[in-house]
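Asker: Sending over run_19.pdb (PDB, C-alpha atoms).
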```
ATOM      1  CA  MET I   1       0.000   0.000   0.000
ATOM      2  CA  ASN I   2       1.915   2.950  -1.262
ATOM      3  CA  HIS I   3       0.145   6.286  -0.618
ATOM      4  CA  LEU I   4       2.748   8.395  -2.361
ATOM      5  CA  PRO I   5       1.994   9.911  -5.775
ATOM      6  CA  GLU I   6       3.532   8.487  -8.898
ATOM      7  CA  PRO I   7       7.060   9.789  -9.472
ATOM      8  CA  HIS I   8       7.524  12.229 -12.316
ATOM      9  CA  ARG I   9       8.864  10.547 -15.432
ATOM     10  CA  PRO I  10      10.309  12.611 -18.238
ATOM     11  CA  PRO I  11       8.365  12.336 -21.479
ATOM     12  CA  ALA I  12       9.599   9.881 -24.049
ATOM     13  CA  VAL I  13      11.454  11.184 -27.084
ATOM     14  CA  VAL I  14      10.141   9.955 -30.429
ATOM     15  CA  GLN I  15      11.772  10.234 -33.846
ATOM     16  CA  LEU I  16       9.336  11.370 -36.548
ATOM     17  CA  PRO I  17       9.490  10.052 -40.158
ATOM     18  CA  ASP I  18      11.222  13.278 -41.270
ATOM     19  CA  GLY I  19      14.077  12.568 -38.830
ATOM     20  CA  THR I  20      13.287  15.188 -36.190
ATOM     21  CA  HIS I  21      12.972  14.289 -32.538
ATOM     22  CA  VAL I  22      10.003  15.445 -30.447
ATOM     23  CA  TYR I  23       8.591  14.644 -27.051
ATOM     24  CA  ALA I  24       5.821  12.080 -27.155
ATOM     25  CA  ASP I  25       3.456  14.149 -24.976
ATOM     26  CA  THR I  26       3.419  16.995 -27.535
ATOM     27  CA  LEU I  27       2.226  14.856 -30.420
ATOM     28  CA  PRO I  28      -1.301  15.618 -31.585
ATOM     29  CA  ALA I  29      -3.901  13.237 -30.265
ATOM     30  CA  THR I  30      -5.574  10.904 -32.699
ATOM     31  CA  TYR I  31      -8.974  11.958 -33.937
ATOM     32  CA  ALA I  32     -11.685  10.278 -31.887
ATOM     33  CA  GLY I  33     -14.744  11.831 -33.516
ATOM     34  CA  PRO I  34     -16.625  15.041 -32.833
ATOM     35  CA  GLN I  35     -16.575  16.401 -29.309
ATOM     36  CA  VAL I  36     -19.826  17.305 -27.612
ATOM     37  CA  VAL I  37     -19.591  20.412 -25.468
ATOM     38  CA  HIS I  38     -22.363  20.998 -22.962
ATOM     39  CA  GLN I  39     -22.551  24.700 -22.217
ATOM     40  CA  HIS I  40     -24.753  25.979 -19.447
ATOM     41  CA  ILE I  41     -25.643  29.664 -19.611
ATOM     42  CA  HIS I  42     -26.891  31.250 -16.432
ATOM     43  CA  GLN I  43     -28.114  34.759 -15.703
ATOM     44  CA  ALA I  44     -25.428  36.640 -13.833
ATOM     45  CA  ALA I  45     -26.265  38.582 -10.718
ATOM     46  CA  PRO I  46     -26.737  42.325 -11.402
ATOM     47  CA  ASP I  47     -23.590  43.323  -9.516
ATOM     48  CA  LYS I  48     -21.483  40.827 -11.484
ATOM     49  CA  THR I  49     -22.802  41.709 -14.937
ATOM     50  CA  VAL I  50     -20.760  44.916 -15.259
ATOM     51  CA  GLN I  51     -17.639  43.119 -14.110
ATOM     52  CA  ARG I  52     -18.109  40.375 -16.684
ATOM     53  CA  ILE I  53     -18.687  42.934 -19.425
ATOM     54  CA  ALA I  54     -15.506  44.721 -18.358
ATOM     55  CA  LEU I  55     -13.517  41.494 -18.491
ATOM     56  CA  GLY I  56     -15.039  40.546 -21.840
ATOM     57  CA  SER I  57     -14.126  43.886 -23.382
ATOM     58  CA  GLY I  58     -10.508  43.531 -22.315
ATOM     59  CA  VAL I  59     -10.537  46.263 -19.681
ATOM     60  CA  GLY I  60      -8.566  44.153 -17.236
ATOM     61  CA  ALA I  61      -8.569  42.973 -13.693
ATOM     62  CA  GLY I  62      -7.760  46.399 -12.264
ATOM     63  CA  ALA I  63     -10.992  47.893 -13.534
ATOM     64  CA  VAL I  64     -12.964  44.912 -12.287
ATOM     65  CA  ALA I  65     -11.331  45.130  -8.870
ATOM     66  CA  ALA I  66     -12.063  48.858  -8.756
ATOM     67  CA  GLY I  67     -15.689  48.201  -9.650
ATOM     68  CA  VAL I  68     -15.980  45.525  -7.008
ATOM     69  CA  TYR I  69     -14.386  47.699  -4.330
ATOM     70  CA  PHE I  70     -15.465  51.231  -5.171
ATOM     71  CA  GLY I  71     -18.999  50.459  -6.400
ATOM     72  CA  PRO I  72     -20.482  49.599  -3.003
ATOM     73  CA  LEU I  73     -18.226  52.173  -1.365
ATOM     74  CA  LEU I  74     -19.632  54.905  -3.619
ATOM     75  CA  VAL I  75     -23.218  53.825  -2.929
ATOM     76  CA  GLY I  76     -22.546  53.857   0.809
ATOM     77  CA  ALA I  77     -20.903  57.270   0.681
ATOM     78  CA  LEU I  78     -23.743  58.804  -1.353
ATOM     79  CA  THR I  79     -26.302  57.315   1.024
ATOM     80  CA  ALA I  80     -24.457  58.752   4.016
ATOM     81  CA  ILE I  81     -24.255  62.176   2.357
ATOM     82  CA  ALA I  82     -27.973  62.123   1.548
ATOM     83  CA  ALA I  83     -28.805  61.123   5.130
ATOM     84  CA  ASN I  84     -26.657  63.975   6.481
ATOM     85  CA  ILE I  85     -28.301  66.524   4.190
ATOM     86  CA  ALA I  86     -31.772  65.273   5.165
ATOM     87  CA  MET I  87     -30.885  65.520   8.853
ATOM     88  CA  LEU I  88     -29.527  69.055   8.426
ATOM     89  CA  ALA I  89     -32.658  70.108   6.538
ATOM     90  CA  PHE I  90     -34.867  68.680   9.287
ATOM     91  CA  LEU I  91     -32.771  70.430  11.949
ATOM     92  CA  ALA I  92     -33.032  73.761  10.088
ATOM     93  CA  LEU I  93     -36.807  73.319   9.821
ATOM     94  CA  VAL I  94     -37.175  72.593  13.544
ATOM     95  CA  LEU I  95     -34.915  75.494  14.531
ATOM     96  CA  GLY I  96     -36.777  77.880  12.218
ATOM     97  CA  TRP I  97     -40.102  76.789  13.640
ATOM     98  CA  GLY I  98     -38.726  77.246  17.187
ATOM     99  CA  VAL I  99     -37.444  80.759  16.486
ATOM    100  CA  HIS I 100     -40.747  81.657  14.834
ATOM    101  CA  THR I 101     -42.717  80.396  17.824
ATOM    102  CA  VAL I 102     -40.472  82.110  20.399
ATOM    103  CA  VAL I 103     -40.545  85.451  18.555
ATOM    104  CA  LYS I 104     -44.301  85.286  18.148
ATOM    105  CA  SER I 105     -45.075  84.354  21.775
ATOM    106  CA  ILE I 106     -42.448  86.296  23.763
ATOM    107  CA  GLY I 107     -41.924  89.318  21.590
ATOM    108  CA  GLY I 108     -45.246  90.942  22.421
ATOM    109  CA  PRO I 109     -46.890  93.259  19.923
ATOM    110  CA  GLN I 110     -43.590  94.006  18.142
ATOM    111  CA  GLY I 111     -42.880  90.291  17.668
ATOM    112  CA  THR I 112     -46.392  89.677  16.366
ATOM    113  CA  ALA I 113     -46.017  92.592  13.934
ATOM    114  CA  ALA I 114     -42.638  91.244  12.779
ATOM    115  CA  VAL I 115     -44.151  87.816  12.095
ATOM    116  CA  LYS I 116     -47.022  89.421  10.153
ATOM    117  CA  ASN I 117     -44.540  91.438   8.082
ATOM    118  CA  VAL I 118     -42.567  88.277   7.254
ATOM    119  CA  VAL I 119     -45.762  86.466   6.238
ATOM    120  CA  LYS I 120     -46.822  89.419   4.037
ATOM    121  CA  ALA I 121     -43.378  89.573   2.428
ATOM    122  CA  ARG I 122     -43.515  85.862   1.601
ATOM    123  CA  ARG I 123     -46.964  86.231   0.045
ATOM    124  CA  ARG I 124     -45.788  89.093  -2.152
ATOM    125  CA  ARG I 125     -42.870  87.045  -3.541
ATOM    126  CA  ARG I 126     -45.183  84.414  -4.920
TER     127      ARG I 126
END
```
Transcribe the structure of this file into structure tokens.

Answerer:
Amino acid sequence: MNHLPEPHRPPAVVQLPDGTHVYADTLPATYAGPQVVHQHIHQAAPDKTVQRIALGSGVGAGAVAAGVYFGPLLVGALTAIAANIAMLAFLALVLGWGVHTVVKSIGGPQGTAAVKNVVKARRRRR
């Protein structure tokens, strides 16, 4: 019971009819009839489709690696930026409403007049 792999044997050298010597493992195989190739085509996942197109067009592995790495990174960064802008807009809205309410309630008649002037000015712009 020998569990070791077969030792490597150098290929045999064969002399062709024209007198040249070649290795036996480089000779063309004999024709055994037509080959049947079973090809299975599957739909690629959406995130892999662009990478496969890039490889098929000869762009190279660097572009594919950049798409794999920077694609989700860009989506995450844009989502974070949009969330920050939405939060800042909400904060500005709340602060504006708070200032409006404080000026209207504490300011007395002058504050009420100021609020009315702002409302009139906004109506005139439209």

Asker: So, counting all atoms listed in the file, which residue among I:Ala83, I:Ala24, I:Val115, I:Ala89 is closest to Thr101 (chain I)?

Answerer: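 Residue with the minimum atom-to-atom distance to Thr101 (chain I): I:Val115.
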
Asker: Can you tell me how far CA of Val118 (chain I) sits from CA of His100 (chain I), in Å to one decimal?

Answerer: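 So the two atoms, CA of Val118 (chain I) and CA of His100 (chain I), lie 10.2 Å apart.
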
Asker: Please, what distance in Å, to one decimal, runs between CA of Val99 (chain I) and CA of Gly111 (chain I)?

Answerer: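 CA of Val99 (chain I) sits 11.0 Å away from CA of Gly111 (chain I).
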
Asker: How many Å lie between CA of Tyr69 (chain I) and CA of Ile41 (chain I), rounded to one decimal?

Answerer: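 Those two atoms sit 26.2 Å apart.
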
Asker: Please determine an axis-aligned box that encloses all atoms of region 74-82 of chain I listed in the file, with 6 Å added on each side, and express its centre and edge lengths in Å to one decimal as JSON.

Answerer:
```
{"center_x": -23.8, "center_y": 58.0, "center_z": 0.2, "size_x": 20.3, "size_y": 20.4, "size_z": 19.6}
```
